[in-house]
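Chemist: So here's upload_5.txt, just compact mmCIF, C-alpha atoms (C1' of nucleotides):
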# COMPACT_ATOMS: atom_id res chain seq x y z
CA MET A 45 28.82 -110.25 82.66
CA GLU A 46 27.78 -112.93 85.12
CA ILE A 47 25.24 -111.53 87.55
CA PRO A 48 24.21 -114.14 90.13
CA PRO A 49 21.01 -113.60 92.12
CA PHE A 50 21.28 -111.85 95.47
CA PRO A 51 19.35 -113.87 98.05
CA LYS A 52 17.57 -111.98 100.82
CA PRO A 53 18.83 -113.09 104.26
CA GLU A 54 16.19 -114.82 106.36
CA SER A 55 17.51 -113.28 109.55
CA LEU A 56 19.86 -110.62 110.88
CA GLU A 57 22.14 -113.37 112.15
CA ALA A 58 22.39 -114.82 108.66
CA ALA A 59 23.20 -111.40 107.23
CA PHE A 60 26.00 -110.84 109.74
CA ALA A 61 27.43 -114.31 109.14
CA LEU A 62 27.39 -113.79 105.36
CA GLN A 63 29.23 -110.48 105.71
CA LYS A 64 31.93 -112.06 107.83
CA ALA A 65 32.37 -114.90 105.35
CA LEU A 66 32.48 -112.64 102.28
CA ALA A 67 34.79 -110.14 103.98
CA GLN A 68 37.45 -112.85 104.02
CA ARG A 69 37.32 -112.96 100.24
CA VAL A 70 38.06 -109.25 99.85
CA VAL A 71 41.33 -108.57 98.06
CA LEU A 72 42.91 -105.33 99.25
CA ALA A 73 45.42 -104.96 96.46
CA GLY A 74 45.37 -103.81 92.88
CA SER A 75 45.52 -100.68 90.82
CA LEU A 76 42.80 -99.11 88.71
CA GLU A 77 45.27 -97.56 86.32
CA GLY A 78 44.10 -98.28 82.80
CA VAL A 79 40.46 -98.64 83.83
CA ARG A 80 38.28 -96.54 81.50
CA ARG A 81 34.74 -97.91 81.68
CA ILE A 82 33.20 -97.85 85.13
CA ALA A 83 29.69 -98.16 86.49
CA ALA A 84 28.66 -95.52 89.03
CA LEU A 85 25.92 -96.68 91.41
CA ASP A 86 23.45 -94.61 93.40
CA ALA A 87 19.87 -95.02 94.57
CA SER A 88 16.85 -92.92 95.47
CA HIS A 89 13.90 -93.84 97.61
CA LYS A 90 10.81 -92.37 99.19
CA ARG A 91 8.56 -94.25 101.60
CA GLY A 92 5.57 -95.75 99.90
CA LYS A 93 7.45 -95.93 96.63
CA PRO A 94 9.84 -98.46 95.14
CA LEU A 95 13.59 -98.08 95.54
CA VAL A 96 15.14 -96.84 92.31
CA ALA A 97 18.75 -97.79 91.62
CA VAL A 98 20.84 -96.38 88.81
CA ALA A 99 23.99 -97.62 87.13
CA VAL A 100 25.70 -95.05 84.94
CA LEU A 101 28.15 -96.60 82.53
CA TYR A 102 30.81 -93.94 82.34
CA HIS A 103 33.92 -93.73 80.20
CA LEU A 104 36.59 -91.69 81.94
CA GLU A 105 37.57 -89.94 78.71
CA ARG A 106 34.29 -89.91 76.78
CA GLY A 107 31.85 -89.30 79.63
CA PRO A 108 28.50 -91.04 80.24
CA LEU A 109 27.63 -93.88 77.84
CA SER A 110 24.35 -95.26 79.15
CA VAL A 111 22.05 -95.55 82.14
CA GLY A 112 20.62 -98.75 83.63
CA LEU A 113 17.67 -98.76 86.04
CA GLY A 114 16.71 -101.16 88.81
CA VAL A 115 13.35 -100.85 90.56
CA VAL A 116 12.42 -102.85 93.67
CA PRO A 117 9.03 -102.54 95.40
CA GLU A 118 9.13 -101.34 98.98
CA ALA A 119 7.57 -104.57 100.25
CA ALA A 120 10.47 -106.61 98.84
CA LEU A 121 13.17 -104.51 100.48
CA PHE A 122 15.35 -105.60 103.36
CA PRO A 123 15.06 -102.96 106.12
CA TYR A 124 17.64 -100.23 106.37
CA ILE A 125 19.98 -101.06 109.21
CA PRO A 126 23.34 -99.28 109.51
CA GLY A 127 25.98 -101.82 108.56
CA LEU A 128 23.55 -103.92 106.50
CA LEU A 129 22.89 -101.48 103.65
CA SER A 130 23.97 -103.90 100.93
CA PHE A 131 21.13 -106.30 101.71
CA ARG A 132 18.69 -103.48 101.02
CA GLU A 133 20.21 -101.85 97.93
CA ALA A 134 22.39 -104.44 96.20
CA PRO A 135 19.52 -106.36 94.56
CA ALA A 136 18.39 -103.14 92.87
CA TYR A 137 21.93 -102.33 91.75
CA LEU A 138 22.33 -105.77 90.20
CA GLU A 139 19.13 -105.18 88.25
CA ALA A 140 20.48 -101.82 87.07
CA LEU A 141 23.75 -103.43 86.00
CA ARG A 142 21.87 -106.11 84.00
CA ALA A 143 20.28 -103.28 82.02
CA LEU A 144 23.65 -102.00 80.78
CA PRO A 145 24.73 -102.82 77.22
CA GLU A 146 28.19 -103.89 78.34
CA ALA A 147 30.08 -104.78 81.49
CA PRO A 148 32.06 -102.15 83.40
CA GLU A 149 35.69 -102.73 84.34
CA ALA A 150 35.11 -101.49 87.89
CA LEU A 151 32.37 -100.24 90.21
CA LEU A 152 32.12 -96.83 91.89
CA VAL A 153 29.57 -97.09 94.67
CA ASP A 154 27.78 -94.53 96.84
CA GLY A 155 28.63 -96.00 100.25
CA GLN A 156 31.48 -97.64 102.13
CA GLY A 157 34.08 -100.18 101.04
CA ILE A 158 36.10 -101.67 103.90
CA ALA A 159 35.33 -98.71 106.16
CA HIS A 160 32.71 -100.91 107.74
CA PRO A 161 32.37 -102.74 111.10
CA ARG A 162 32.91 -106.13 109.49
CA GLY A 163 35.00 -105.00 106.55
CA LEU A 164 32.26 -105.42 103.96
CA GLY A 165 30.44 -102.26 102.97
CA ILE A 166 28.17 -102.28 99.94
CA ALA A 167 31.07 -101.58 97.57
CA GLY A 168 32.95 -104.64 98.77
CA HIS A 169 29.87 -106.82 98.81
CA LEU A 170 29.07 -105.97 95.18
CA GLY A 171 32.72 -106.32 94.16
CA VAL A 172 33.02 -109.80 95.64
CA HIS A 173 29.61 -110.85 94.35
CA LEU A 174 30.52 -109.85 90.78
CA ASP A 175 34.27 -110.41 91.06
CA LEU A 176 34.93 -106.84 89.92
CA PRO A 177 37.27 -104.19 91.28
CA SER A 178 35.24 -101.71 93.34
CA LEU A 179 35.56 -98.75 95.65
CA GLY A 180 33.18 -96.89 97.92
CA VAL A 181 32.73 -93.13 98.05
CA ALA A 182 30.45 -92.20 100.95
CA LYS A 183 29.06 -88.81 101.91
CA SER A 184 29.26 -89.58 105.62
CA LEU A 185 31.15 -91.82 107.98
CA LEU A 186 30.00 -95.22 109.23
CA TYR A 187 33.12 -96.70 110.77
CA GLY A 188 36.63 -95.45 111.50
CA ARG A 189 37.95 -91.97 112.27
CA PRO A 190 40.22 -89.55 110.40
CA GLU A 191 43.68 -89.56 111.99
CA ALA A 192 43.93 -85.76 111.77
CA PRO A 193 41.86 -82.74 110.79
CA LEU A 194 41.21 -82.59 107.06
CA PRO A 195 42.77 -79.51 105.41
CA GLN A 196 40.46 -77.17 103.50
CA GLU A 197 42.38 -77.43 100.22
CA ALA A 198 40.76 -79.27 97.34
CA GLY A 199 42.33 -82.68 96.88
CA SER A 200 43.56 -83.02 100.44
CA ALA A 201 43.11 -86.33 102.22
CA VAL A 202 43.81 -87.84 105.62
CA ARG A 203 43.85 -91.52 106.47
CA LEU A 204 40.81 -93.16 107.97
CA LEU A 205 41.78 -95.53 110.78
CA SER A 206 39.91 -98.36 112.47
CA PRO A 207 39.68 -98.33 116.31
CA ASP A 208 42.76 -100.57 116.40
CA GLY A 209 44.72 -98.35 114.02
CA ARG A 210 44.40 -100.16 110.69
CA PRO A 211 44.10 -97.94 107.57
CA LEU A 212 40.60 -98.23 106.11
CA GLY A 213 40.61 -95.50 103.51
CA TYR A 214 40.65 -91.72 103.39
CA ALA A 215 38.62 -88.68 104.30
CA TYR A 216 38.89 -86.71 101.09
CA ARG A 217 38.14 -83.08 100.23
CA SER A 218 37.06 -83.23 96.61
CA ARG A 219 36.59 -79.44 96.32
CA ALA A 220 37.39 -76.44 98.51
CA GLY A 221 34.58 -75.50 100.86
CA VAL A 222 32.66 -78.78 100.70
CA LYS A 223 32.11 -81.52 103.26
CA PRO A 224 34.51 -84.45 103.07
CA LEU A 225 33.91 -87.67 101.19
CA TYR A 226 35.01 -91.01 102.59
CA VAL A 227 36.87 -93.22 100.14
CA SER A 228 37.65 -96.85 100.83
CA PRO A 229 38.51 -99.87 98.71
CA GLY A 230 35.73 -102.36 98.06
CA HIS A 231 37.49 -105.27 96.35
CA ARG A 232 40.59 -105.91 94.21
CA VAL A 233 42.07 -102.47 94.87
CA GLY A 234 44.45 -101.10 97.50
CA VAL A 235 43.76 -98.25 99.92
CA GLU A 236 46.21 -95.88 98.21
CA GLU A 237 45.04 -96.92 94.75
CA ALA A 238 41.40 -96.28 95.66
CA LEU A 239 42.26 -92.72 96.71
CA ALA A 240 44.34 -92.16 93.58
CA PHE A 241 41.43 -93.29 91.45
CA ALA A 242 38.95 -91.04 93.27
CA ARG A 243 41.29 -88.08 92.85
CA ALA A 244 41.54 -88.71 89.12
CA LEU A 245 37.78 -88.68 88.57
CA PRO A 246 36.32 -85.58 86.92
CA THR A 247 34.77 -83.54 89.75
CA ARG A 248 32.85 -80.33 89.06
CA PHE A 249 31.10 -80.21 92.42
CA ARG A 250 31.32 -82.22 95.61
CA LEU A 251 30.65 -85.65 94.12
CA PRO A 252 32.75 -87.19 91.35
CA GLU A 253 30.87 -86.62 88.10
CA PRO A 254 29.88 -90.27 87.49
CA LEU A 255 28.25 -90.49 90.93
CA ARG A 256 26.64 -87.10 90.59
CA LEU A 257 25.04 -88.17 87.32
CA ALA A 258 23.83 -91.41 88.90
CA HIS A 259 22.32 -89.40 91.75
CA LEU A 260 20.52 -87.07 89.35
CA GLU A 261 19.21 -89.95 87.25
CA ALA A 262 17.95 -91.81 90.32
CA GLY A 263 16.01 -88.80 91.56
CA LYS A 264 14.59 -88.23 88.09
CA ALA A 265 13.51 -91.86 87.75
CA LEU A 266 11.87 -91.85 91.17
CA ARG A 267 9.85 -88.74 90.35
CA ALA A 268 8.81 -90.26 87.05
CA LEU A 269 7.11 -93.15 88.85
CA ASP A 270 3.93 -91.24 89.67
C1' DG B 232 23.67 -98.98 130.23
C1' DC B 233 24.86 -94.99 126.81
C1' DG B 234 25.98 -93.41 122.28
C1' DA B 235 26.93 -94.25 117.16
C1' DC B 236 24.73 -95.26 113.21
C1' DA B 237 26.53 -95.64 104.88
C1' DG B 238 21.58 -94.99 102.42
C1' DA C 171 16.84 -92.09 101.45
C1' DT C 172 13.26 -88.18 102.42
C1' DC C 173 10.86 -84.34 105.11
C1' DT C 174 11.71 -78.67 104.03
C1' DT C 175 12.37 -71.91 103.32
C1' DG C 176 15.08 -68.94 103.36
C1' DT C 177 19.52 -67.55 103.00
C1' DC C 178 24.52 -67.05 102.44
C1' DG C 179 27.92 -66.84 98.77
C1' DC C 180 30.43 -67.59 94.27
Have the structure of the file written as structure tokens, please.
Modeler:
Amino acid sequence: MEIPPFPKPESLEAAFALQKALAQRVVLAGSLEGVRRIAALDASHKRGKPLVAVAVLYHLERGPLSVGLGVVPEAALFPYIPGLLSFREAPAYLEALRALPEAPEALLVDGQGIAHPRGLGIAGHLGVHLDLPSLGVAKSLLYGRPEAPLPQEAGSAVRLLSPDGRPLGYAYRSRAGVKPLYVSPGHRVGVEEALAFARALPTRFRLPEPLRLAHLEAGKALRALD
DNA sequence: GCGACAG
DNA sequence: ATCTTGTCGC
């Protein structure tokens, strides 16, 4: 898998301009039917420590296959600024992906896809950078609003709309009695197809199993640093 | 000017 | 992301 370097923007203006340019490359069409091997991406961080990123190579029928780690020293990190998350975490994710024994067919990312002020959340940024299908599954909302209250039933979903009424993704209740997740396409997948894929993921608790495993591994790896 | 604000 | 005890509930 080709993994180009991820240059750190020299200014906020440059970061915004890059997002706008890359957002134009996003392809909002495609199905993930037939995709079996995905990489689930999540990160853990504590001030004073490096950022630890994890890529779990996960086969939808066989379960987890391997875990890749990416570690970036705090001093090398772009600051966390809402809307600019990819500049902080993507370099670590690329490192984690390089550590995998084989390339995934798609990316499942903890964060937004197109449900983002400039249409390029971290899922889309990584998808375009690697030319891979990707979707974002976020635990909270950054941009857009659900068009109606989300029913309590497991599996229910309501569209997420931009301020001007464009569909960005879905608020999605993965299990009864849990807070919603926010699903949006990153790259090379449609809005409906992204939701269909999320719904088909094995889900024992709130997070789809691949992301939950990535979350657990990231926390474990961070603790193991000291 | 006042909020909102992924991880 | 992390800081944090008990507490409600399956």
Chemist: With all atoms listed in the file considered, list every residue of chain A at most 7 Å from chain C, as a list in words.
Modeler: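 Close enough to count are Ser88, His89 and Lys90 of chain A.
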Chemist: Please write the residues from the selection above to a file, keeping C-alpha atoms, as a short mmCIF file (atom, residue, chain, number, x, y, z; two decimals), keeping the file's coordinate frame.
Modeler:
data_model
loop_
_atom_site.label_atom_id
_atom_site.label_comp_id
_atom_site.auth_asym_id
_atom_site.auth_seq_id
_atom_site.Cartn_x
_atom_site.Cartn_y
_atom_site.Cartn_z
CA SER A 88 16.85 -92.92 95.47
CA HIS A 89 13.90 -93.84 97.61
CA LYS A 90 10.81 -92.37 99.19
#
Chemist: Could you tell me which residues of chain A sit within 10 Å of chain B when counting all atoms listed in the file, and give me the result as a ChimeraX atom specification?
Modeler: /A:86-89,124-130,132-133,154-157,159-160,165-166,180-187,226
Chemist: Determine, counting all atoms listed in the file, which protein, DNA and RNA residues have an atom within 7 Å of an atom of region 58-72 of chain A; residues of the same chain fewer than 3 positions away are not included. Present the result as a ChimeraX atom specification.
Modeler: /A:53-55,162-164,168,172,231-234
Chemist: In Å, rounded to a single decimal, give me how far CA of Pro207 (chain A) is from CA of Val227 (chain A).
Modeler: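 Between CA of Val227 (chain A) and CA of Pro207 (chain A) the gap works out to 17.2 Å.
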Chemist: Can you measure CA of Pro49 (chain A) to CA of Ala84 (chain A) for me? One decimal in Å is fine.
Modeler: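 Computed distance, CA of Pro49 (chain A) to CA of Ala84 (chain A), equals 19.9 Å.
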Chemist: Neighbouring residues of region 262-268 of chain A were defined as those with any atom within 12 Å, considering only C-alpha atoms (C1' of nucleotides); residues of the same chain fewer than 6 positions away were excluded. Please report them as a PyMOL selection string.
Modeler: (chain A and resi 84-100+111-117+136-137+140+255-256) or (chain C and resi 171-172)
